[in-house]
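*Asks:* Here you go, model01.cif (mmCIF, C-alpha atoms):
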```cif
data_start
loop_
_atom_site.group_PDB
_atom_site.id
_atom_site.type_symbol
_atom_site.label_atom_id
_atom_site.label_comp_id
_atom_site.auth_asym_id
_atom_site.auth_seq_id
_atom_site.Cartn_x
_atom_site.Cartn_y
_atom_site.Cartn_z
ATOM 1 C CA MET A 1 4.944 9.783 69.377
ATOM 2 C CA GLU A 2 6.308 7.577 72.128
ATOM 3 C CA LYS A 3 4.861 4.087 72.477
ATOM 4 C CA ARG A 4 3.339 2.781 75.705
ATOM 5 C CA ARG A 5 3.940 -0.567 77.354
ATOM 6 C CA LEU A 6 0.793 -2.291 78.548
ATOM 7 C CA GLY A 7 1.263 -3.020 82.235
ATOM 8 C CA ASN A 8 3.456 -5.985 83.103
ATOM 9 C CA SER A 9 3.397 -7.422 79.570
ATOM 10 C CA GLU A 10 5.691 -7.197 76.553
ATOM 11 C CA LEU A 11 2.907 -5.535 74.557
ATOM 12 C CA VAL A 12 3.857 -2.062 73.321
ATOM 13 C CA VAL A 13 1.458 0.214 71.420
ATOM 14 C CA ASN A 14 0.989 3.753 70.181
ATOM 15 C CA PRO A 15 -0.831 6.082 72.614
ATOM 16 C CA VAL A 16 -4.148 5.951 70.720
ATOM 17 C CA GLY A 17 -5.822 2.626 69.991
ATOM 18 C CA LEU A 18 -8.693 1.765 67.682
ATOM 19 C CA GLY A 19 -12.100 0.892 69.092
ATOM 20 C CA CYS A 20 -13.578 -1.285 66.349
ATOM 21 C CA MET A 21 -17.082 -1.763 67.787
ATOM 22 C CA GLY A 22 -18.826 0.839 65.652
ATOM 23 C CA PHE A 23 -18.129 -0.958 62.391
ATOM 24 C CA SER A 24 -20.684 -3.601 63.396
ATOM 25 C CA HIS A 25 -22.429 -2.615 66.594
ATOM 26 C CA ALA A 26 -24.267 0.252 68.282
ATOM 27 C CA SER A 27 -23.514 2.916 65.647
ATOM 28 C CA GLY A 28 -26.273 2.281 63.150
ATOM 29 C CA ASP A 29 -26.486 -0.476 60.568
ATOM 30 C CA PRO A 30 -23.188 -2.349 60.227
ATOM 31 C CA MET A 31 -20.788 -0.887 57.704
ATOM 32 C CA GLU A 32 -20.682 -2.817 54.440
ATOM 33 C CA LYS A 33 -18.062 -5.534 54.816
ATOM 34 C CA THR A 34 -15.637 -4.616 52.048
ATOM 35 C CA ALA A 35 -15.650 -0.952 53.040
ATOM 36 C CA ALA A 36 -15.260 -1.828 56.717
ATOM 37 C CA VAL A 37 -12.261 -4.079 56.091
ATOM 38 C CA ARG A 38 -10.685 -1.442 53.857
ATOM 39 C CA THR A 39 -11.126 1.271 56.513
ATOM 40 C CA LEU A 40 -9.815 -0.973 59.293
ATOM 41 C CA ARG A 41 -6.728 -1.676 57.193
ATOM 42 C CA GLU A 42 -6.322 2.012 56.422
ATOM 43 C CA ALA A 43 -6.196 2.624 60.163
ATOM 44 C CA PHE A 44 -2.997 0.583 60.279
ATOM 45 C CA ASP A 45 -1.488 2.795 57.577
ATOM 46 C CA ILE A 46 -2.404 5.819 59.687
ATOM 47 C CA GLY A 47 -0.484 4.325 62.616
ATOM 48 C CA TYR A 48 -2.960 2.344 64.697
ATOM 49 C CA ASP A 49 -1.416 -0.811 66.135
ATOM 50 C CA PHE A 50 -3.990 -1.656 68.840
ATOM 51 C CA TYR A 51 -7.258 -3.150 67.560
ATOM 52 C CA ASP A 52 -10.010 -3.608 70.157
ATOM 53 C CA THR A 53 -12.969 -5.851 69.332
ATOM 54 C CA ALA A 54 -15.247 -8.326 71.150
ATOM 55 C CA GLU A 55 -17.340 -11.376 70.433
ATOM 56 C CA ALA A 56 -20.427 -9.391 71.490
ATOM 57 C CA TYR A 57 -19.937 -6.734 68.805
ATOM 58 C CA THR A 58 -22.453 -7.867 66.228
ATOM 59 C CA GLY A 59 -25.076 -6.221 64.091
ATOM 60 C CA VAL A 60 -27.563 -7.115 61.391
ATOM 61 C CA TYR A 61 -27.008 -6.176 57.738
ATOM 62 C CA PRO A 62 -30.025 -5.005 55.717
ATOM 63 C CA ASP A 63 -30.293 -8.488 54.175
ATOM 64 C CA GLY A 64 -30.649 -10.057 57.618
ATOM 65 C CA SER A 65 -27.163 -11.577 57.819
ATOM 66 C CA ILE A 66 -24.940 -11.003 60.843
ATOM 67 C CA SER A 67 -21.918 -8.720 60.932
ATOM 68 C CA TYR A 68 -19.317 -10.232 63.257
ATOM 69 C CA ASN A 69 -16.852 -7.536 64.256
ATOM 70 C CA GLU A 70 -14.129 -10.084 64.983
ATOM 71 C CA GLU A 71 -14.342 -11.382 61.414
ATOM 72 C CA LEU A 72 -13.929 -7.875 59.992
ATOM 73 C CA VAL A 73 -10.902 -7.227 62.173
ATOM 74 C CA GLY A 74 -9.398 -10.622 61.398
ATOM 75 C CA GLU A 75 -9.661 -10.005 57.668
ATOM 76 C CA ALA A 76 -8.329 -6.453 57.967
ATOM 77 C CA ILE A 77 -5.143 -7.479 59.779
ATOM 78 C CA HIS A 78 -4.357 -10.385 57.475
ATOM 79 C CA GLY A 79 -0.697 -10.058 56.548
ATOM 80 C CA ILE A 80 0.082 -7.607 59.360
ATOM 81 C CA ARG A 81 -0.916 -9.792 62.306
ATOM 82 C CA ASP A 82 2.537 -9.603 63.896
ATOM 83 C CA LYS A 83 2.521 -5.805 63.689
ATOM 84 C CA VAL A 84 -0.615 -5.187 65.751
ATOM 85 C CA VAL A 85 -1.796 -5.891 69.275
ATOM 86 C CA LEU A 86 -5.057 -7.786 68.899
ATOM 87 C CA VAL A 87 -7.607 -7.391 71.686
ATOM 88 C CA THR A 88 -10.949 -9.111 72.118
ATOM 89 C CA LYS A 89 -13.367 -9.895 74.933
ATOM 90 C CA MET A 90 -15.632 -12.607 76.280
ATOM 91 C CA GLY A 91 -18.404 -13.027 78.827
ATOM 92 C CA VAL A 92 -21.152 -10.813 77.363
ATOM 93 C CA SER A 93 -24.037 -11.397 75.000
ATOM 94 C CA HIS A 94 -27.026 -9.166 74.298
ATOM 95 C CA ASN A 95 -30.698 -9.781 74.962
ATOM 96 C CA PRO A 96 -33.257 -8.422 72.470
ATOM 97 C CA ASP A 97 -33.866 -5.420 74.750
ATOM 98 C CA ARG A 98 -30.078 -4.659 74.705
ATOM 99 C CA SER A 99 -29.610 -5.781 78.291
ATOM 100 C CA LEU A 100 -26.568 -7.958 78.913
ATOM 101 C CA ARG A 101 -26.282 -11.667 79.626
ATOM 102 C CA LEU A 102 -23.140 -12.308 81.669
ATOM 103 C CA ASP A 103 -21.276 -15.616 81.738
ATOM 104 C CA SER A 104 -17.604 -15.932 82.698
ATOM 105 C CA SER A 105 -17.631 -19.573 83.694
ATOM 106 C CA PRO A 106 -14.488 -21.540 82.790
ATOM 107 C CA ALA A 107 -16.400 -23.560 80.183
ATOM 108 C CA THR A 108 -17.736 -20.422 78.520
ATOM 109 C CA ILE A 109 -14.324 -18.732 78.544
ATOM 110 C CA ARG A 110 -12.830 -21.733 76.757
ATOM 111 C CA LYS A 111 -15.632 -21.935 74.191
ATOM 112 C CA SER A 112 -15.409 -18.193 73.594
ATOM 113 C CA VAL A 113 -11.662 -18.101 73.065
ATOM 114 C CA GLU A 114 -11.889 -20.864 70.468
ATOM 115 C CA ARG A 115 -14.678 -19.049 68.615
ATOM 116 C CA SER A 116 -12.729 -15.794 68.692
ATOM 117 C CA LEU A 117 -9.530 -17.411 67.449
ATOM 118 C CA LYS A 118 -11.473 -18.820 64.508
ATOM 119 C CA LYS A 119 -13.257 -15.570 63.648
ATOM 120 C CA LEU A 120 -10.051 -13.557 63.996
ATOM 121 C CA ASN A 121 -8.157 -16.142 61.935
ATOM 122 C CA THR A 122 -5.240 -16.211 64.361
ATOM 123 C CA ASP A 123 -3.560 -18.724 66.656
ATOM 124 C CA HIS A 124 -3.374 -16.377 69.636
ATOM 125 C CA ILE A 125 -4.981 -13.272 71.140
ATOM 126 C CA ASP A 126 -2.615 -10.655 72.527
ATOM 127 C CA LEU A 127 -4.896 -9.243 75.218
ATOM 128 C CA TYR A 128 -8.075 -11.059 76.262
ATOM 129 C CA PHE A 129 -10.618 -9.202 78.388
ATOM 130 C CA GLN A 130 -13.372 -10.362 80.627
ATOM 131 C CA HIS A 131 -15.941 -8.012 79.112
ATOM 132 C CA ARG A 132 -17.992 -7.484 82.277
ATOM 133 C CA ILE A 133 -17.864 -8.882 85.796
ATOM 134 C CA ASP A 134 -20.079 -11.942 86.167
ATOM 135 C CA PRO A 135 -21.552 -11.872 89.701
ATOM 136 C CA LYS A 136 -21.951 -15.659 89.587
ATOM 137 C CA MET A 137 -18.195 -16.253 89.236
ATOM 138 C CA GLU A 138 -15.427 -15.472 91.712
ATOM 139 C CA PRO A 139 -12.558 -13.418 90.243
ATOM 140 C CA GLU A 140 -10.087 -16.099 91.344
ATOM 141 C CA MET A 141 -11.783 -18.660 89.098
ATOM 142 C CA VAL A 142 -11.731 -16.331 86.095
ATOM 143 C CA ALA A 143 -8.068 -15.498 86.727
ATOM 144 C CA GLU A 144 -7.150 -19.164 87.051
ATOM 145 C CA THR A 145 -8.767 -19.941 83.692
ATOM 146 C CA MET A 146 -7.018 -17.008 82.045
ATOM 147 C CA GLY A 147 -3.708 -18.207 83.457
ATOM 148 C CA GLU A 148 -4.313 -21.603 81.883
ATOM 149 C CA LEU A 149 -4.957 -19.974 78.505
ATOM 150 C CA ILE A 150 -1.728 -17.998 78.812
ATOM 151 C CA ARG A 151 0.251 -21.156 79.565
ATOM 152 C CA GLU A 152 -1.408 -22.885 76.608
ATOM 153 C CA GLY A 153 -0.367 -20.042 74.286
ATOM 154 C CA LYS A 154 -3.922 -19.114 73.292
ATOM 155 C CA ILE A 155 -3.604 -15.643 74.833
ATOM 156 C CA ARG A 156 -0.556 -13.558 75.778
ATOM 157 C CA ALA A 157 -2.134 -11.451 78.527
ATOM 158 C CA TRP A 158 -5.503 -10.742 80.073
ATOM 159 C CA GLY A 159 -7.555 -7.913 81.467
ATOM 160 C CA ILE A 160 -10.884 -6.929 83.007
ATOM 161 C CA SER A 161 -13.394 -4.445 81.633
ATOM 162 C CA GLU A 162 -15.510 -2.316 83.967
ATOM 163 C CA THR A 163 -13.718 -3.674 87.001
ATOM 164 C CA THR A 164 -13.788 -2.562 90.598
ATOM 165 C CA GLU A 165 -10.728 -2.268 92.830
ATOM 166 C CA GLU A 166 -11.639 -5.315 94.911
ATOM 167 C CA TYR A 167 -12.264 -7.517 91.891
ATOM 168 C CA LEU A 168 -9.023 -6.375 90.246
ATOM 169 C CA ARG A 169 -6.938 -7.050 93.351
ATOM 170 C CA ARG A 170 -8.402 -10.501 93.898
ATOM 171 C CA ALA A 171 -7.941 -11.516 90.272
ATOM 172 C CA HIS A 172 -4.443 -10.028 90.057
ATOM 173 C CA ALA A 173 -3.316 -12.067 93.073
ATOM 174 C CA VAL A 174 -4.026 -15.274 91.125
ATOM 175 C CA CYS A 175 -2.845 -14.296 87.633
ATOM 176 C CA PRO A 176 -1.358 -10.835 87.032
ATOM 177 C CA VAL A 177 -3.736 -8.543 85.162
ATOM 178 C CA THR A 178 -2.149 -6.574 82.315
ATOM 179 C CA ALA A 179 -4.883 -4.001 81.717
ATOM 180 C CA ILE A 180 -8.294 -2.803 82.722
ATOM 181 C CA GLU A 181 -10.736 -1.364 80.211
ATOM 182 C CA ASN A 182 -13.144 1.050 81.857
ATOM 183 C CA ARG A 183 -15.198 3.976 80.667
ATOM 184 C CA TYR A 184 -13.285 7.242 80.971
ATOM 185 C CA SER A 185 -13.756 10.721 79.565
ATOM 186 C CA MET A 186 -14.041 14.317 80.689
ATOM 187 C CA MET A 187 -17.692 13.510 81.414
ATOM 188 C CA ALA A 188 -17.064 10.139 83.051
ATOM 189 C CA ARG A 189 -14.380 10.372 85.734
ATOM 190 C CA TRP A 190 -15.823 8.037 88.357
ATOM 191 C CA HIS A 191 -13.042 5.452 87.869
ATOM 192 C CA GLU A 192 -10.174 7.851 88.624
ATOM 193 C CA ASN A 193 -9.942 6.181 92.028
ATOM 194 C CA LEU A 194 -8.391 3.222 90.173
ATOM 195 C CA PHE A 195 -5.377 5.217 88.994
ATOM 196 C CA SER A 196 -3.403 4.590 92.180
ATOM 197 C CA VAL A 197 -4.241 0.888 91.973
ATOM 198 C CA CYS A 198 -3.065 0.731 88.349
ATOM 199 C CA GLU A 199 0.198 2.359 89.401
ATOM 200 C CA GLU A 200 0.658 0.027 92.364
ATOM 201 C CA LEU A 201 -0.039 -3.151 90.375
ATOM 202 C CA ASN A 202 1.514 -1.953 87.082
ATOM 203 C CA VAL A 203 -1.729 -2.260 85.129
ATOM 204 C CA ALA A 204 -2.600 -0.286 81.990
ATOM 205 C CA TYR A 205 -5.869 1.646 81.735
ATOM 206 C CA ILE A 206 -7.603 1.270 78.367
ATOM 207 C CA ALA A 207 -10.174 4.074 78.186
ATOM 208 C CA PHE A 208 -13.307 3.222 76.247
ATOM 209 C CA SER A 209 -15.829 5.831 75.132
ATOM 210 C CA PRO A 210 -13.127 8.502 75.652
ATOM 211 C CA MET A 211 -15.216 11.136 73.872
ATOM 212 C CA ALA A 212 -18.492 10.261 75.638
ATOM 213 C CA ASN A 213 -20.037 8.483 72.655
ATOM 214 C CA GLY A 214 -19.006 11.309 70.345
ATOM 215 C CA PHE A 215 -20.377 14.132 72.482
ATOM 216 C CA LEU A 216 -16.972 15.712 73.133
ATOM 217 C CA THR A 217 -16.307 16.151 69.424
ATOM 218 C CA GLY A 218 -18.956 18.866 69.403
ATOM 219 C CA LYS A 219 -20.417 17.328 66.251
ATOM 220 C CA TYR A 220 -23.706 16.092 67.730
ATOM 221 C CA THR A 221 -26.657 17.777 69.429
ATOM 222 C CA PRO A 222 -30.141 16.726 70.603
ATOM 223 C CA ASP A 223 -31.323 17.501 67.067
ATOM 224 C CA THR A 224 -28.899 15.080 65.414
ATOM 225 C CA LYS A 225 -30.599 12.331 63.439
ATOM 226 C CA PHE A 226 -28.682 9.170 64.297
ATOM 227 C CA GLU A 227 -28.686 6.039 62.190
ATOM 228 C CA GLY A 228 -31.752 4.026 63.074
ATOM 229 C CA ALA A 229 -32.686 1.225 65.443
ATOM 230 C CA GLN A 230 -29.166 -0.241 65.633
ATOM 231 C CA ASP A 231 -27.655 3.058 66.777
ATOM 232 C CA TYR A 232 -27.516 3.238 70.583
ATOM 233 C CA ARG A 233 -26.936 6.987 70.832
ATOM 234 C CA PRO A 234 -30.489 8.357 70.558
ATOM 235 C CA GLY A 235 -31.793 8.807 74.053
ATOM 236 C CA MET A 236 -28.394 8.753 75.757
ATOM 237 C CA PRO A 237 -28.562 11.283 78.614
ATOM 238 C CA GLN A 238 -25.992 13.634 77.096
ATOM 239 C CA TYR A 239 -28.080 13.921 73.925
ATOM 240 C CA THR A 240 -31.318 14.912 75.633
ATOM 241 C CA LYS A 241 -32.054 18.631 75.739
ATOM 242 C CA GLU A 242 -31.539 18.645 79.513
ATOM 243 C CA GLY A 243 -28.268 16.712 79.377
ATOM 244 C CA TYR A 244 -26.942 18.856 76.554
ATOM 245 C CA ALA A 245 -27.748 22.027 78.451
ATOM 246 C CA LYS A 246 -25.911 20.756 81.556
ATOM 247 C CA ALA A 247 -22.785 20.140 79.464
ATOM 248 C CA LYS A 248 -22.795 23.522 77.741
ATOM 249 C CA GLY A 249 -19.992 24.792 79.983
ATOM 250 C CA LEU A 250 -17.791 21.846 79.047
ATOM 251 C CA LEU A 251 -18.364 22.397 75.339
ATOM 252 C CA GLU A 252 -17.419 26.060 75.774
ATOM 253 C CA LEU A 253 -14.290 25.054 77.696
ATOM 254 C CA LEU A 254 -13.285 22.597 74.973
ATOM 255 C CA THR A 255 -13.921 25.141 72.231
ATOM 256 C CA ASP A 256 -11.641 27.651 73.926
ATOM 257 C CA LEU A 257 -8.870 25.145 74.697
ATOM 258 C CA ALA A 258 -8.968 23.644 71.213
ATOM 259 C CA ALA A 259 -8.537 27.066 69.641
ATOM 260 C CA LYS A 260 -5.522 27.791 71.854
ATOM 261 C CA LYS A 261 -3.895 24.461 70.958
ATOM 262 C CA ASN A 262 -4.830 24.595 67.259
ATOM 263 C CA ALA A 263 -6.686 21.317 67.730
ATOM 264 C CA THR A 264 -10.212 19.990 67.470
ATOM 265 C CA MET A 265 -12.428 19.499 70.493
ATOM 266 C CA GLY A 266 -12.172 15.743 70.139
ATOM 267 C CA GLN A 267 -8.391 15.878 69.968
ATOM 268 C CA LEU A 268 -8.259 18.011 73.092
ATOM 269 C CA SER A 269 -10.429 15.556 75.025
ATOM 270 C CA LEU A 270 -8.093 12.697 74.086
ATOM 271 C CA ALA A 271 -4.900 14.674 74.726
ATOM 272 C CA TRP A 272 -6.175 15.484 78.233
ATOM 273 C CA MET A 273 -6.071 11.829 79.282
ATOM 274 C CA ILE A 274 -3.012 10.831 77.236
ATOM 275 C CA ASN A 275 -0.948 13.544 78.916
ATOM 276 C CA LYS A 276 -2.451 12.859 82.342
ATOM 277 C CA LYS A 277 -1.093 9.331 82.810
ATOM 278 C CA PRO A 278 1.526 7.378 80.805
ATOM 279 C CA TYR A 279 -0.412 4.139 81.158
ATOM 280 C CA ILE A 280 -3.726 5.389 79.716
ATOM 281 C CA VAL A 281 -4.542 4.335 76.146
ATOM 282 C CA PRO A 282 -7.835 5.712 74.800
ATOM 283 C CA ILE A 283 -9.598 3.697 72.100
ATOM 284 C CA PRO A 284 -11.858 6.071 70.148
ATOM 285 C CA GLY A 285 -13.661 4.627 67.174
ATOM 286 C CA SER A 286 -14.869 5.962 63.854
ATOM 287 C CA ARG A 287 -15.818 4.684 60.425
ATOM 288 C CA LYS A 288 -14.372 7.789 58.756
ATOM 289 C CA PRO A 289 -10.672 7.817 57.738
ATOM 290 C CA ASP A 290 -10.429 11.582 58.282
ATOM 291 C CA ARG A 291 -11.711 11.196 61.825
ATOM 292 C CA LEU A 292 -9.345 8.268 62.405
ATOM 293 C CA ARG A 293 -6.422 10.451 61.370
ATOM 294 C CA GLU A 294 -7.666 13.281 63.576
ATOM 295 C CA ASN A 295 -8.007 11.028 66.611
ATOM 296 C CA PHE A 296 -4.583 9.454 66.128
ATOM 297 C CA ALA A 297 -2.902 12.863 65.874
ATOM 298 C CA SER A 298 -4.201 13.800 69.324
ATOM 299 C CA ALA A 299 -1.165 12.004 70.778
ATOM 300 C CA ASN A 300 1.011 14.818 69.397
ATOM 301 C CA ILE A 301 -0.746 17.504 71.445
ATOM 302 C CA ILE A 302 1.138 18.468 74.592
ATOM 303 C CA LEU A 303 -0.652 19.552 77.743
ATOM 304 C CA THR A 304 1.356 20.506 80.819
ATOM 305 C CA LYS A 305 0.567 19.298 84.320
ATOM 306 C CA ASP A 306 -0.679 22.781 85.138
ATOM 307 C CA GLU A 307 -2.974 22.794 82.111
ATOM 308 C CA ILE A 308 -4.381 19.391 83.030
ATOM 309 C CA ALA A 309 -4.883 20.506 86.629
ATOM 310 C CA ALA A 310 -6.753 23.595 85.432
ATOM 311 C CA ILE A 311 -9.023 21.467 83.239
ATOM 312 C CA ASP A 312 -9.702 19.092 86.124
ATOM 313 C CA ALA A 313 -10.496 21.995 88.419
ATOM 314 C CA ALA A 314 -13.007 23.300 85.903
ATOM 315 C CA LEU A 315 -14.540 19.833 85.481
ATOM 316 C CA ASP A 316 -14.888 19.563 89.253
ATOM 317 C CA THR A 317 -17.347 22.456 89.148
ATOM 318 C CA MET A 318 -19.543 20.807 86.512
ATOM 319 C CA SER A 319 -22.232 18.149 86.645
ATOM 320 C CA PHE A 320 -23.178 15.910 83.724
ATOM 321 C CA ASP A 321 -25.846 13.465 82.748
ATOM 322 C CA VAL A 322 -23.967 10.933 80.644
ATOM 323 C CA PHE A 323 -24.445 7.378 79.442
ATOM 324 C CA GLY A 324 -22.915 4.966 81.942
ATOM 325 C CA GLY A 325 -23.604 7.037 85.042
ATOM 326 C CA HIS A 326 -23.788 10.508 86.537
ATOM 327 C CA SER A 327 -20.655 12.606 86.860
ATOM 328 C CA GLY A 328 -19.915 15.821 88.685
ATOM 329 C CA LYS A 329 -20.829 17.768 91.748
#
```
The structure in this file should be written as structure tokens.
*Replies:*
Amino acid sequence: MEKRRLGNSELVVNPVGLGCMGFSHASGDPMEKTAAVRTLREAFDIGYDFYDTAEAYTGVYPDGSISYNEELVGEAIHGIRDKVVLVTKMGVSHNPDRSLRLDSSPATIRKSVERSLKKLNTDHIDLYFQHRIDPKMEPEMVAETMGELIREGKIRAWGISETTEEYLRRAHAVCPVTAIENRYSMMARWHENLFSVCEELNVAYIAFSPMANGFLTGKYTPDTKFEGAQDYRPGMPQYTKEGYAKAKGLLELLTDLAAKKNATMGQLSLAWMINKKPYIVPIPGSRKPDRLRENFASANIILTKDEIAAIDAALDTMSFDVFGGHSGK
């Protein structure tokens, strides 16, 4: 598979990255530390060279101790640090009700980067994201602080997660943005208007939740028993009976396409975006080595422009209820 350069940077990665969040956060109780580190390291052996984490990705072990995702990733890449692109994020913390506290002030950015460097056990972060836009801070101020961190050698490049076009343009004018990280999947296409901006500014698009929180694998239904209070999936719109019924046509489309391509439904959903744009890098996550191998192999599936256009035309006729927003006609 051909590697992809991330925007205007020197960072080059394979077409499928690893979303590490689920090892600690939002996918049930955190995975036991030794097993998590072993699986994260196995991902490198599979071929993953882009590890995406965040300071906000935490969970509580059964004994009450905290699982810090950055610490797991830092331990897993020990000895191979120079062979992976290490990505983390700042600016978000979680309230008890799962709502977000946003703070991208210069002081917080500097405190956060130092904490992340320590947890990751590294002297620099390759790609540092503002995790969410902080309405209290102007993008120019955030960009200026990120530029200072680049000049100080603490980070190599920076990006913005869940950005808008205006925010991206204003920030980019102060310190060039290497990548955005926005939600994107067959069920969540509302950021496609940013494609032309990414092309104009030479910015990579890191696609998080590329399989709609697992829905596009076809493995989960409204009857699935998820993994307890720390799993965020129960109650997501796509897993209600109504949301599942609205997406039945998409599941049928994926089943048919996957059979024709000798692929799984999940692989087809990833291949659709990988083949669509050369600057898109999806970051699916899983705790299961077999699923990690399956996801990574999606980069070997070829879809033509005509095939992608036909899929998009079919999607244009569908309407979905999906976590993160409403998509469709």
*Asks:* Can you work out the spacing between atom CA of A:Lys225 and atom CA of A:Gly19 in Å, to one decimal?
*Replies:*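 According to the coordinates, atom CA of A:Lys225 and atom CA of A:Gly19 are separated by 22.5 Å.
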*Asks:* When the PyMOL selection byres ((chain A and resi 323) around 9) is applied to the file above, which residues end up in the set, as number ranges by chain?
*Replies:* A: 188, 212-213, 233, 236-238, 321-322, 324-326
*Asks:* Leaving out A:Pro135 and any residue of its chain fewer than 4 positions from it, which residues lie within 12 Å of it when counting all atoms listed in the file, given as a list in words?
*Replies:*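 Counting all atoms listed in the file, the residues come to Gly91, Arg101, Leu102, Asp103, Ser104, Ser105, Pro139, Met141, Val142, Thr163 and Tyr167 of chain A.
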*Asks:* If we count all atoms listed in the file, what is near A:Arg115 at a cut-off of 9 Å, once residues fewer than 5 positions away on the same chain are taken out, given as a PyMOL selection string?
*Replies:* chain A and resi 55+110+120
*Asks:* Taking the file as I've supplied it (selection: the PyMOL selection byres ((chain A and resi 284-287) around 6)), which residues are included? Please answer as a VMD selection string.
*Replies:* chain A and resid 18 to 20 283 288
*Asks:* Do a neighbour search on A:Ile155 at 6 Å with all atoms listed in the file, toss out local chain neighbours closer than 5 positions, and write the hits as a VMD selection string.
*Replies:* chain A and resid 124 to 126 149 to 150
*Asks:* Suppose you want the space between atom CA of A:Ile66 and atom CA of A:His25; what is it in Å?
*Replies:* 10.5 Å
*Asks:* What's the 10 Å shell around A:Lys119, counting all atoms listed in the file, without same-chain residues fewer than 6 positions away, as a list in words?
*Replies:*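 Residues meeting the cut-off are Glu55, Tyr68, Asn69, Glu70, Glu71, Leu72, Val73, Gly74, Glu75 and Val113 of chain A.
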*Asks:* Write out, as a CSV table (one decimal), keeping the file's coordinate frame, the residues just selected, with C-alpha atoms.
*Replies:*
```
chain,number,residue,atom,x,y,z
A,55,GLU,CA,-17.3,-11.4,70.4
A,68,TYR,CA,-19.3,-10.2,63.3
A,69,ASN,CA,-16.9,-7.5,64.3
A,70,GLU,CA,-14.1,-10.1,65.0
A,71,GLU,CA,-14.3,-11.4,61.4
A,72,LEU,CA,-13.9,-7.9,60.0
A,73,VAL,CA,-10.9,-7.2,62.2
A,74,GLY,CA,-9.4,-10.6,61.4
A,75,GLU,CA,-9.7,-10.0,57.7
A,113,VAL,CA,-11.7,-18.1,73.1
```
*Asks:* Find the distance between atom CA of A:Thr53 and atom CA of A:Thr88 and write it in Å to one decimal.
*Replies:*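 We find that atom CA of A:Thr53 and atom CA of A:Thr88 lie 4.7 Å from each other.
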*Asks:* Using all atoms listed in the file, pick whichever of A:Lys83, A:Lys305, A:Arg183, A:Lys89 has the shortest atom-to-atom distance to A:Asp45.
*Replies:* A:Lys83
*Asks:* Would you please work out which residue, of A:Ser93, A:Ser319, A:Asp49, A:Ala179, is nearest to A:Arg81 when using only C-alpha atoms?
*Replies:*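 Ranked by minimum distance to A:Arg81, first place goes to A:Asp49.
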